[in-house]
Amino acid sequence: MNADDLRYRNDLEQANALSEEREVKRVTEWLDKQEAEGSTGLRRQLLATSVRLSRKMAPDIYKLSDECVERLSMDTPLELYVFNSAQFNAMCFKPEEGRVFVMFSSSLLEGFTPKELQFVMGHEFGHHIYNHHEIPIGYLVKGRQRPDPKLALRLFAWSRNAEISADRAGAYCANDMHSVASALFKLSSGLTGDIVKFNLDEFLKQVSDMEMIDSEPDKDAPQGDWFSTHPFSPLRVKALQLFFGSNLMDEKGTSVDDMDVGVQRLMSLMEPSYLDARSDAAIAMRNLLFAGGLVVADASNGITEAEIEVFEQFFEKGDVSDKLNVNRIREELPQRIQRAKEQATETQCMQVMRDICVIAMAEGDVTVEERNVLNSIADGLGISRTFICQTIEQDCEPD
Ligand SMILES: [Zn+2]
């Protein structure tokens, strides 16, 4: 099996399309130039802040990583590091001087079983073999020149699909569904002890609840907090279950096409597909995204002509009145919130809220004034304010 065969095709297609974008090319060329002028000093920095794991020091960890390297046919030399943190975390950096650097938090190395660790290792290696670092999402979203809102939303949607590919590489290394799921549970809950027993069926039931709520908008939704408490991981577990049931992992399994139809359906719960749809709900969501994004942009320093132009390009003609009037849009915001709440499901409202946050982040650090606007939109939609924190504090770099 070639590791490339495992890659989620939406990740590949979107990565290819994004790398053709003028703005992405510009930032990539700039970074290449920086690199050519001398290494970025990453290795020196890692050596200063983290402990490099030698084979002598950590033979068991190297044994696990050697198995992953072989399974994925990786040929770039590897250096593993550990850093002191109580938070479970791992990350992989763009190779420098022909070496791949992978870091693990101390708690993760101690709290995860060997197979769970192999899932995490394989996941990080997956980011490397699929060249996910070639699209510098961190620089694009947090750089000095902000991408337009649509590009920011596309970058975030792609990064979620990239996680699906990395998960498959990890699952291929661990080769055990239960370990993979419990690793994702540990990562999202922070729990490793016996006080909470992980149960795969229960975890997956959360996804079924999400799908049900979404397909029956009229039904009174239970106070669903799945999006905010576990933003993404039940979906990832479900996508991995489909992966284990496919012929990539099981000769008698379903075809890759069938698996991907299932994965796309899952991911659509996270995707801003309302940007192009024609339904009443989609129009209400777009109108709220437009107004919310604009009022947030105006909140701290006022909105400039150039920023208004970006918004006009982003939204179709017709969504924008002939003369943009921020004051009027601010006055209309409560009605638009109300309309979205009436027309869209709870999941969809959370999507819009997340996307308004993404637009706010793409305009630079979120200020107190901007945060106040975000809070009032969340309150109006009946979404917990912690959801905003999670969205704007999440790191946009793949890890
Ligand atoms: Zn990742």
# chains A, B, ... in the order shown; residues from 1 in each chain; ligands from 1
call {"tool": "residues_around", "arguments": {"residues": "region 249-257 of chain A", "least_positions_apart": "3", "cutoff": "10 Å", "atoms": "only C-alpha atoms", "output": "number ranges by chain"}}
result
A: 1, 5-6, 8-9, 171-172, 175, 242-246, 260-263
call {"tool": "select_by_dssp", "arguments": {"residues": "region 170-395 of chain A", "states": "strand (DSSP E or B)", "output": "ChimeraX atom specification"}}
result
/A:246,254,317,320
call {"tool": "select_by_dssp", "arguments": {"residues": "region 257-342 of chain A", "states": "alpha helix (DSSP H)", "output": "short mmCIF file (atom, residue, chain, number, x, y, z; two decimals) with N, CA and C atoms, in the first residue's frame"}}
result
data_model
loop_
_atom_site.label_atom_id
_atom_site.label_comp_id
_atom_site.auth_asym_id
_atom_site.auth_seq_id
_atom_site.Cartn_x
_atom_site.Cartn_y
_atom_site.Cartn_z
N ASP A 257 -14.57 5.02 -3.03
CA ASP A 257 -15.61 5.97 -3.44
C ASP A 257 -16.75 6.02 -2.42
N ASP A 258 -17.20 4.83 -2.02
CA ASP A 258 -18.30 4.78 -1.05
C ASP A 258 -17.89 5.41 0.28
N MET A 259 -16.65 5.09 0.68
CA MET A 259 -16.17 5.66 1.94
C MET A 259 -16.17 7.18 1.85
N ASP A 260 -15.67 7.71 0.74
CA ASP A 260 -15.54 9.17 0.63
C ASP A 260 -16.90 9.87 0.56
N VAL A 261 -17.89 9.20 -0.03
CA VAL A 261 -19.24 9.79 -0.02
C VAL A 261 -19.68 9.96 1.44
N GLY A 262 -19.43 8.93 2.24
CA GLY A 262 -19.78 9.00 3.66
C GLY A 262 -19.01 10.09 4.39
N VAL A 263 -17.71 10.18 4.11
CA VAL A 263 -16.89 11.18 4.80
C VAL A 263 -17.31 12.59 4.39
N GLN A 264 -17.63 12.77 3.11
CA GLN A 264 -18.07 14.10 2.66
C GLN A 264 -19.36 14.52 3.35
N ARG A 265 -20.24 13.54 3.54
CA ARG A 265 -21.51 13.85 4.19
C ARG A 265 -21.25 14.31 5.64
N LEU A 266 -20.33 13.62 6.29
CA LEU A 266 -19.97 14.02 7.66
C LEU A 266 -19.36 15.42 7.69
N MET A 267 -18.42 15.63 6.77
CA MET A 267 -17.70 16.90 6.79
C MET A 267 -18.60 18.07 6.42
N ASP A 280 -33.72 29.30 1.73
CA ASP A 280 -33.97 30.43 2.62
C ASP A 280 -32.98 30.44 3.78
N ALA A 281 -32.70 29.22 4.29
CA ALA A 281 -31.76 29.13 5.42
C ALA A 281 -30.39 29.65 4.99
N ALA A 282 -29.93 29.22 3.79
CA ALA A 282 -28.61 29.62 3.33
C ALA A 282 -28.53 31.14 3.14
N ILE A 283 -29.61 31.72 2.61
CA ILE A 283 -29.61 33.17 2.39
C ILE A 283 -29.58 33.91 3.74
N ALA A 284 -30.36 33.41 4.70
CA ALA A 284 -30.35 34.04 6.03
C ALA A 284 -28.97 33.94 6.67
N MET A 285 -28.29 32.80 6.46
CA MET A 285 -26.96 32.61 7.03
C MET A 285 -25.94 33.54 6.37
N ARG A 286 -26.04 33.64 5.05
CA ARG A 286 -25.12 34.53 4.33
C ARG A 286 -25.31 35.98 4.75
N ASN A 287 -26.59 36.37 4.88
CA ASN A 287 -26.85 37.75 5.27
C ASN A 287 -26.29 38.06 6.66
N LEU A 288 -26.37 37.06 7.52
CA LEU A 288 -25.83 37.26 8.87
C LEU A 288 -24.31 37.28 8.83
N LEU A 289 -23.72 36.39 8.05
CA LEU A 289 -22.26 36.36 7.95
C LEU A 289 -21.73 37.70 7.44
N PHE A 290 -22.42 38.22 6.42
CA PHE A 290 -22.01 39.48 5.82
C PHE A 290 -22.10 40.61 6.84
N ALA A 291 -23.26 40.74 7.47
CA ALA A 291 -23.46 41.83 8.43
C ALA A 291 -22.55 41.66 9.64
N GLY A 292 -22.48 40.44 10.15
CA GLY A 292 -21.66 40.18 11.33
C GLY A 292 -20.19 40.49 11.05
N GLY A 293 -19.69 39.99 9.93
CA GLY A 293 -18.29 40.22 9.56
C GLY A 293 -17.99 41.70 9.43
N LEU A 294 -18.92 42.42 8.81
CA LEU A 294 -18.72 43.85 8.56
C LEU A 294 -18.75 44.65 9.86
N VAL A 295 -19.71 44.35 10.73
CA VAL A 295 -19.82 45.09 11.99
C VAL A 295 -18.62 44.79 12.89
N VAL A 296 -18.16 43.54 12.88
CA VAL A 296 -16.96 43.20 13.65
C VAL A 296 -15.76 43.98 13.11
N ALA A 297 -15.63 44.01 11.79
CA ALA A 297 -14.51 44.72 11.18
C ALA A 297 -14.53 46.20 11.53
N ASP A 298 -15.73 46.73 11.67
CA ASP A 298 -15.89 48.16 11.95
C ASP A 298 -15.68 48.48 13.43
N ALA A 299 -15.73 47.45 14.27
CA ALA A 299 -15.82 47.67 15.72
C ALA A 299 -14.62 48.40 16.33
N SER A 300 -13.39 48.01 15.96
CA SER A 300 -12.29 48.63 16.70
C SER A 300 -11.78 49.92 16.06
N ASN A 301 -11.53 49.89 14.76
CA ASN A 301 -10.94 51.10 14.15
C ASN A 301 -11.77 51.70 13.04
N GLU A 305 -12.20 51.93 3.29
CA GLU A 305 -12.72 51.73 1.93
C GLU A 305 -12.25 50.38 1.37
N ALA A 306 -10.96 50.12 1.60
CA ALA A 306 -10.36 48.90 1.04
C ALA A 306 -11.03 47.66 1.63
N GLU A 307 -11.33 47.73 2.93
CA GLU A 307 -11.97 46.57 3.57
C GLU A 307 -13.38 46.37 3.04
N ILE A 308 -14.07 47.49 2.83
CA ILE A 308 -15.42 47.38 2.29
C ILE A 308 -15.38 46.73 0.91
N GLU A 309 -14.36 47.11 0.15
CA GLU A 309 -14.22 46.53 -1.19
C GLU A 309 -14.05 45.02 -1.14
N VAL A 310 -13.23 44.58 -0.16
CA VAL A 310 -13.02 43.14 0.02
C VAL A 310 -14.36 42.44 0.30
N PHE A 311 -15.16 43.06 1.14
CA PHE A 311 -16.46 42.48 1.44
C PHE A 311 -17.35 42.44 0.21
N GLU A 312 -17.27 43.49 -0.59
CA GLU A 312 -18.11 43.53 -1.79
C GLU A 312 -17.73 42.45 -2.78
N GLN A 313 -16.41 42.20 -2.87
CA GLN A 313 -15.96 41.15 -3.78
C GLN A 313 -16.43 39.79 -3.29
N PHE A 314 -16.43 39.66 -1.97
CA PHE A 314 -16.71 38.39 -1.35
C PHE A 314 -18.17 37.98 -1.55
N VAL A 326 -22.48 51.14 6.80
CA VAL A 326 -22.19 50.30 7.96
C VAL A 326 -23.18 50.57 9.09
N ASN A 327 -23.54 51.84 9.25
CA ASN A 327 -24.47 52.16 10.34
C ASN A 327 -25.81 51.45 10.16
N ARG A 328 -26.29 51.47 8.91
CA ARG A 328 -27.57 50.82 8.67
C ARG A 328 -27.45 49.31 8.90
N ILE A 329 -26.34 48.74 8.45
CA ILE A 329 -26.15 47.29 8.62
C ILE A 329 -26.06 46.94 10.11
N ARG A 330 -25.43 47.83 10.88
CA ARG A 330 -25.34 47.57 12.31
C ARG A 330 -26.74 47.57 12.94
N GLU A 331 -27.57 48.51 12.48
CA GLU A 331 -28.95 48.56 13.00
C GLU A 331 -29.74 47.32 12.63
N GLU A 332 -29.42 46.79 11.44
CA GLU A 332 -30.17 45.61 10.96
C GLU A 332 -29.68 44.30 11.56
N LEU A 333 -28.52 44.35 12.19
CA LEU A 333 -27.90 43.11 12.65
C LEU A 333 -28.84 42.25 13.52
N PRO A 334 -29.52 42.85 14.51
CA PRO A 334 -30.42 42.01 15.35
C PRO A 334 -31.49 41.28 14.53
N GLN A 335 -32.04 41.97 13.52
CA GLN A 335 -33.05 41.29 12.69
C GLN A 335 -32.43 40.13 11.93
N ARG A 336 -31.21 40.36 11.45
CA ARG A 336 -30.56 39.28 10.69
C ARG A 336 -30.25 38.08 11.58
N ILE A 337 -29.87 38.38 12.82
CA ILE A 337 -29.61 37.28 13.78
C ILE A 337 -30.91 36.50 13.99
N GLN A 338 -31.99 37.24 14.20
CA GLN A 338 -33.29 36.63 14.45
C GLN A 338 -33.71 35.75 13.28
N ARG A 339 -33.51 36.29 12.08
CA ARG A 339 -33.89 35.57 10.86
C ARG A 339 -33.10 34.26 10.73
N ALA A 340 -31.80 34.34 11.00
CA ALA A 340 -30.97 33.13 10.90
C ALA A 340 -31.43 32.11 11.93
N LYS A 341 -31.76 32.59 13.11
CA LYS A 341 -32.18 31.69 14.17
C LYS A 341 -33.48 30.97 13.78
N GLU A 342 -34.35 31.69 13.07
CA GLU A 342 -35.62 31.09 12.66
C GLU A 342 -35.44 30.10 11.51
#
call {"tool": "residues_near_ligand", "arguments": {"ligand": "ligand 1", "cutoff": "8 Å", "atoms": "only C-alpha atoms and all ligand atoms", "output": "PDB file with all heavy atoms, in the first residue's frame"}}
result
ATOM      1  N   MET A  91       3.180  18.004  17.443  1.00  0.00           N
ATOM      2  CA  MET A  91       3.223  18.812  16.227  1.00  0.00           C
ATOM      3  C   MET A  91       4.396  18.424  15.355  1.00  0.00           C
ATOM      4  O   MET A  91       5.356  17.817  15.812  1.00  0.00           O
ATOM      5  CB  MET A  91       3.263  20.291  16.567  1.00  0.00           C
ATOM      6  CG  MET A  91       4.405  20.701  17.436  1.00  0.00           C
ATOM      7  SD  MET A  91       3.996  22.150  18.437  1.00  0.00           S
ATOM      8  CE  MET A  91       3.121  21.414  19.786  1.00  0.00           C
ATOM      9  N   HIS A 123      -0.156  10.323  12.550  1.00  0.00           N
ATOM     10  CA  HIS A 123      -0.891  11.529  12.188  1.00  0.00           C
ATOM     11  C   HIS A 123       0.095  12.664  11.855  1.00  0.00           C
ATOM     12  O   HIS A 123      -0.027  13.319  10.807  1.00  0.00           O
ATOM     13  CB  HIS A 123      -1.812  11.925  13.352  1.00  0.00           C
ATOM     14  CG  HIS A 123      -2.563  13.196  13.133  1.00  0.00           C
ATOM     15  ND1 HIS A 123      -3.900  13.229  12.825  1.00  0.00           N
ATOM     16  CD2 HIS A 123      -2.162  14.495  13.167  1.00  0.00           C
ATOM     17  CE1 HIS A 123      -4.284  14.486  12.678  1.00  0.00           C
ATOM     18  NE2 HIS A 123      -3.245  15.277  12.886  1.00  0.00           N
ATOM     19  N   GLU A 124       1.087  12.857  12.719  1.00  0.00           N
ATOM     20  CA  GLU A 124       2.072  13.923  12.470  1.00  0.00           C
ATOM     21  C   GLU A 124       2.887  13.625  11.208  1.00  0.00           C
ATOM     22  O   GLU A 124       3.121  14.512  10.391  1.00  0.00           O
ATOM     23  CB  GLU A 124       3.013  14.090  13.669  1.00  0.00           C
ATOM     24  CG  GLU A 124       2.318  14.517  14.951  1.00  0.00           C
ATOM     25  CD  GLU A 124       1.449  15.762  14.789  1.00  0.00           C
ATOM     26  OE1 GLU A 124       1.827  16.647  13.982  1.00  0.00           O
ATOM     27  OE2 GLU A 124       0.392  15.849  15.430  1.00  0.00           O
ATOM     28  N   HIS A 127       1.000  14.595   8.087  1.00  0.00           N
ATOM     29  CA  HIS A 127       1.093  16.009   7.688  1.00  0.00           C
ATOM     30  C   HIS A 127       2.353  16.229   6.842  1.00  0.00           C
ATOM     31  O   HIS A 127       2.350  17.001   5.889  1.00  0.00           O
ATOM     32  CB  HIS A 127       1.145  16.919   8.923  1.00  0.00           C
ATOM     33  CG  HIS A 127      -0.198  17.141   9.562  1.00  0.00           C
ATOM     34  ND1 HIS A 127      -1.297  17.563   8.841  1.00  0.00           N
ATOM     35  CD2 HIS A 127      -0.616  17.017  10.850  1.00  0.00           C
ATOM     36  CE1 HIS A 127      -2.337  17.682   9.679  1.00  0.00           C
ATOM     37  NE2 HIS A 127      -1.949  17.347  10.883  1.00  0.00           N
ATOM     38  N   ALA A 162      -7.510  18.240   5.710  1.00  0.00           N
ATOM     39  CA  ALA A 162      -6.124  17.774   5.860  1.00  0.00           C
ATOM     40  C   ALA A 162      -5.994  16.910   7.118  1.00  0.00           C
ATOM     41  O   ALA A 162      -5.244  15.928   7.136  1.00  0.00           O
ATOM     42  CB  ALA A 162      -5.168  18.967   5.919  1.00  0.00           C
ATOM     43  N   GLU A 163      -6.741  17.277   8.175  1.00  0.00           N
ATOM     44  CA  GLU A 163      -6.711  16.465   9.400  1.00  0.00           C
ATOM     45  C   GLU A 163      -7.239  15.051   9.129  1.00  0.00           C
ATOM     46  O   GLU A 163      -6.760  14.079   9.714  1.00  0.00           O
ATOM     47  CB  GLU A 163      -7.547  17.106  10.512  1.00  0.00           C
ATOM     48  CG  GLU A 163      -6.955  18.382  11.084  1.00  0.00           C
ATOM     49  CD  GLU A 163      -5.533  18.214  11.595  1.00  0.00           C
ATOM     50  OE1 GLU A 163      -5.271  17.278  12.357  1.00  0.00           O
ATOM     51  OE2 GLU A 163      -4.671  19.016  11.179  1.00  0.00           O
ATOM     52  N   ALA A 166      -4.415  13.093   7.631  1.00  0.00           N
ATOM     53  CA  ALA A 166      -3.396  12.786   8.645  1.00  0.00           C
ATOM     54  C   ALA A 166      -3.910  11.697   9.585  1.00  0.00           C
ATOM     55  O   ALA A 166      -3.164  10.783   9.955  1.00  0.00           O
ATOM     56  CB  ALA A 166      -3.020  14.049   9.421  1.00  0.00           C
ATOM     57  N   ASP A 167      -5.189  11.775   9.932  1.00  0.00           N
ATOM     58  CA  ASP A 167      -5.781  10.736  10.784  1.00  0.00           C
ATOM     59  C   ASP A 167      -5.682   9.362  10.128  1.00  0.00           C
ATOM     60  O   ASP A 167      -5.423   8.360  10.797  1.00  0.00           O
ATOM     61  CB  ASP A 167      -7.271  11.028  11.030  1.00  0.00           C
ATOM     62  CG  ASP A 167      -7.487  12.024  12.159  1.00  0.00           C
ATOM     63  OD1 ASP A 167      -6.507  12.350  12.864  1.00  0.00           O
ATOM     64  OD2 ASP A 167      -8.640  12.468  12.332  1.00  0.00           O
ATOM     65  N   PRO A 398      -1.549  23.295  11.327  1.00  0.00           N
ATOM     66  CA  PRO A 398      -1.881  21.881  11.562  1.00  0.00           C
ATOM     67  C   PRO A 398      -1.046  21.330  12.704  1.00  0.00           C
ATOM     68  O   PRO A 398       0.136  21.612  12.796  1.00  0.00           O
ATOM     69  CB  PRO A 398      -1.513  21.191  10.245  1.00  0.00           C
ATOM     70  CG  PRO A 398      -0.604  22.110   9.543  1.00  0.00           C
ATOM     71  CD  PRO A 398      -0.898  23.492  10.037  1.00  0.00           C
ATOM     72  N   ASP A 399      -1.697  20.632  13.614  1.00  0.00           N
ATOM     73  CA  ASP A 399      -0.882  19.948  14.626  1.00  0.00           C
ATOM     74  C   ASP A 399      -1.531  18.610  14.986  1.00  0.00           C
ATOM     75  O   ASP A 399      -2.385  18.143  14.258  1.00  0.00           O
ATOM     76  CB  ASP A 399      -0.646  20.805  15.851  1.00  0.00           C
ATOM     77  CG  ASP A 399      -1.897  21.179  16.605  1.00  0.00           C
ATOM     78  OD1 ASP A 399      -2.919  20.492  16.441  1.00  0.00           O
ATOM     79  OD2 ASP A 399      -1.880  22.152  17.342  1.00  0.00           O
TER      80      ASP A 399
END
call {"tool": "residues_around", "arguments": {"residues": "region 15-26 of chain A", "least_positions_apart": "4", "cutoff": "12 Å", "atoms": "only C-alpha atoms", "output": "PyMOL selection string"}}
result
chain A and resi 7-11+30-33+130-141+143+145-148+150-162+165
call {"tool": "write_last_selection", "arguments": {"atoms": "N, CA, C and O atoms", "output": "compact mmCIF listing (two decimals), in the first residue's frame"}}
result
# COMPACT_ATOMS: atom_id res chain seq x y z
N ARG A 7 -4.72 9.14 1.30
CA ARG A 7 -5.06 10.56 1.45
C ARG A 7 -6.50 10.85 1.03
O ARG A 7 -6.97 10.37 0.00
N TYR A 8 -7.18 11.65 1.84
CA TYR A 8 -8.56 12.03 1.54
C TYR A 8 -8.56 12.94 0.31
O TYR A 8 -7.85 13.93 0.26
N ARG A 9 -9.37 12.57 -0.69
CA ARG A 9 -9.24 13.27 -1.97
C ARG A 9 -9.66 14.74 -1.91
O ARG A 9 -9.13 15.56 -2.65
N ASN A 10 -10.59 15.07 -1.01
CA ASN A 10 -10.97 16.49 -0.90
C ASN A 10 -9.79 17.33 -0.38
O ASN A 10 -9.65 18.49 -0.76
N ASP A 11 -8.99 16.72 0.47
CA ASP A 11 -7.78 17.40 0.94
C ASP A 11 -6.87 17.68 -0.25
O ASP A 11 -6.45 18.82 -0.48
N TRP A 30 7.50 34.31 -0.73
CA TRP A 30 8.15 35.14 0.28
C TRP A 30 8.84 34.24 1.32
O TRP A 30 10.00 34.47 1.69
N LEU A 31 8.14 33.18 1.75
CA LEU A 31 8.72 32.27 2.75
C LEU A 31 9.93 31.52 2.19
O LEU A 31 10.93 31.34 2.88
N ASP A 32 9.81 31.11 0.92
CA ASP A 32 10.94 30.41 0.28
C ASP A 32 12.17 31.30 0.27
O ASP A 32 13.29 30.84 0.48
N LYS A 33 11.92 32.57 -0.01
CA LYS A 33 13.04 33.52 -0.06
C LYS A 33 13.68 33.65 1.33
O LYS A 33 14.90 33.63 1.46
N TYR A 130 2.08 14.33 3.26
CA TYR A 130 1.11 14.96 2.36
C TYR A 130 1.41 16.44 2.12
O TYR A 130 0.58 17.17 1.58
N ASN A 131 2.59 16.86 2.54
CA ASN A 131 3.03 18.25 2.30
C ASN A 131 2.05 19.30 2.78
O ASN A 131 1.89 20.35 2.15
N HIS A 132 1.40 19.04 3.89
CA HIS A 132 0.43 20.02 4.37
C HIS A 132 1.07 21.36 4.74
O HIS A 132 0.41 22.39 4.72
N HIS A 133 2.38 21.32 5.02
CA HIS A 133 3.04 22.58 5.38
C HIS A 133 3.31 23.47 4.17
O HIS A 133 3.73 24.60 4.32
N GLU A 134 3.06 22.93 2.98
CA GLU A 134 3.29 23.74 1.77
C GLU A 134 2.28 24.88 1.65
O GLU A 134 2.49 25.83 0.92
N ILE A 135 1.15 24.73 2.33
CA ILE A 135 0.20 25.85 2.34
C ILE A 135 0.30 26.54 3.69
O ILE A 135 -0.15 26.03 4.70
N PRO A 136 0.98 27.69 3.71
CA PRO A 136 1.31 28.33 5.00
C PRO A 136 0.11 29.04 5.60
O PRO A 136 0.04 30.27 5.65
N ILE A 137 -0.82 28.26 6.09
CA ILE A 137 -2.10 28.80 6.57
C ILE A 137 -1.90 29.81 7.71
O ILE A 137 -2.57 30.84 7.76
N GLY A 138 -0.94 29.54 8.58
CA GLY A 138 -0.68 30.45 9.70
C GLY A 138 -0.27 31.84 9.21
O GLY A 138 -0.79 32.85 9.65
N TYR A 139 0.66 31.87 8.26
CA TYR A 139 1.12 33.14 7.72
C TYR A 139 0.00 33.84 6.95
O TYR A 139 -0.14 35.06 6.97
N LEU A 140 -0.80 33.03 6.25
CA LEU A 140 -1.86 33.62 5.43
C LEU A 140 -2.94 34.25 6.30
O LEU A 140 -3.46 35.32 6.01
N VAL A 141 -3.28 33.56 7.39
CA VAL A 141 -4.39 34.05 8.20
C VAL A 141 -3.93 35.09 9.21
O VAL A 141 -4.66 36.01 9.54
N GLY A 143 -0.85 36.78 8.96
CA GLY A 143 0.19 37.64 8.43
C GLY A 143 -0.26 39.10 8.39
O GLY A 143 -1.37 39.42 8.81
N GLN A 145 -0.72 41.05 5.74
CA GLN A 145 -1.78 41.29 4.75
C GLN A 145 -2.82 40.20 4.89
O GLN A 145 -2.54 39.02 4.71
N ARG A 146 -4.02 40.58 5.26
CA ARG A 146 -5.05 39.60 5.53
C ARG A 146 -5.63 39.05 4.24
O ARG A 146 -5.84 39.80 3.29
N PRO A 147 -5.93 37.76 4.22
CA PRO A 147 -6.59 37.24 3.03
C PRO A 147 -8.05 37.69 3.03
O PRO A 147 -8.58 38.08 4.07
N ASP A 148 -8.68 37.66 1.87
CA ASP A 148 -10.09 38.04 1.87
C ASP A 148 -10.89 36.97 2.62
O ASP A 148 -10.43 35.84 2.78
N LYS A 150 -13.33 35.05 1.99
CA LYS A 150 -13.63 33.77 1.35
C LYS A 150 -12.41 32.85 1.35
O LYS A 150 -12.53 31.65 1.59
N LEU A 151 -11.24 33.44 1.11
CA LEU A 151 -10.02 32.64 1.13
C LEU A 151 -9.77 32.10 2.54
O LEU A 151 -9.39 30.93 2.71
N ALA A 152 -10.00 32.94 3.55
CA ALA A 152 -9.82 32.47 4.93
C ALA A 152 -10.73 31.29 5.23
O ALA A 152 -10.29 30.29 5.80
N LEU A 153 -11.98 31.38 4.80
CA LEU A 153 -12.92 30.28 5.06
C LEU A 153 -12.50 29.02 4.31
O LEU A 153 -12.60 27.91 4.82
N ARG A 154 -12.02 29.21 3.07
CA ARG A 154 -11.56 28.05 2.30
C ARG A 154 -10.34 27.40 2.96
O ARG A 154 -10.20 26.17 2.98
N LEU A 155 -9.43 28.21 3.48
CA LEU A 155 -8.24 27.67 4.13
C LEU A 155 -8.62 26.82 5.35
O LEU A 155 -8.08 25.74 5.55
N PHE A 156 -9.57 27.33 6.15
CA PHE A 156 -9.98 26.57 7.33
C PHE A 156 -10.70 25.27 6.94
O PHE A 156 -10.51 24.25 7.58
N ALA A 157 -11.53 25.36 5.91
CA ALA A 157 -12.24 24.15 5.47
C ALA A 157 -11.21 23.11 4.98
O ALA A 157 -11.31 21.92 5.29
N TRP A 158 -10.21 23.58 4.22
CA TRP A 158 -9.17 22.66 3.76
C TRP A 158 -8.43 22.04 4.94
O TRP A 158 -8.18 20.83 4.96
N SER A 159 -8.11 22.86 5.95
CA SER A 159 -7.30 22.33 7.05
C SER A 159 -8.06 21.22 7.80
O SER A 159 -7.45 20.28 8.29
N ARG A 160 -9.39 21.30 7.84
CA ARG A 160 -10.14 20.21 8.46
C ARG A 160 -10.03 18.93 7.62
O ARG A 160 -9.88 17.84 8.14
N ASN A 161 -10.06 19.10 6.30
CA ASN A 161 -9.91 17.92 5.43
C ASN A 161 -8.49 17.35 5.52
O ASN A 161 -8.30 16.14 5.41
N ALA A 162 -7.51 18.24 5.71
CA ALA A 162 -6.12 17.77 5.86
C ALA A 162 -5.99 16.91 7.12
O ALA A 162 -5.24 15.93 7.14
N SER A 165 -6.93 13.34 6.37
CA SER A 165 -5.84 12.57 5.74
C SER A 165 -4.81 12.15 6.77
O SER A 165 -4.36 11.00 6.79
call {"tool": "residues_around", "arguments": {"residues": "region 102-117 of chain A", "least_positions_apart": "4", "cutoff": "7 Å", "atoms": "only C-alpha atoms", "output": "list in words"}}
result
Glu79, Leu80, Tyr81, Val82, Phe83, Asn84, Ser85, Ala86, Gln87, Phe88, Asn89, Ala90, Met91, Cys92, Phe93, Met121, Ala174, Ser179, Val180, Ala183 and Thr192 of chain A
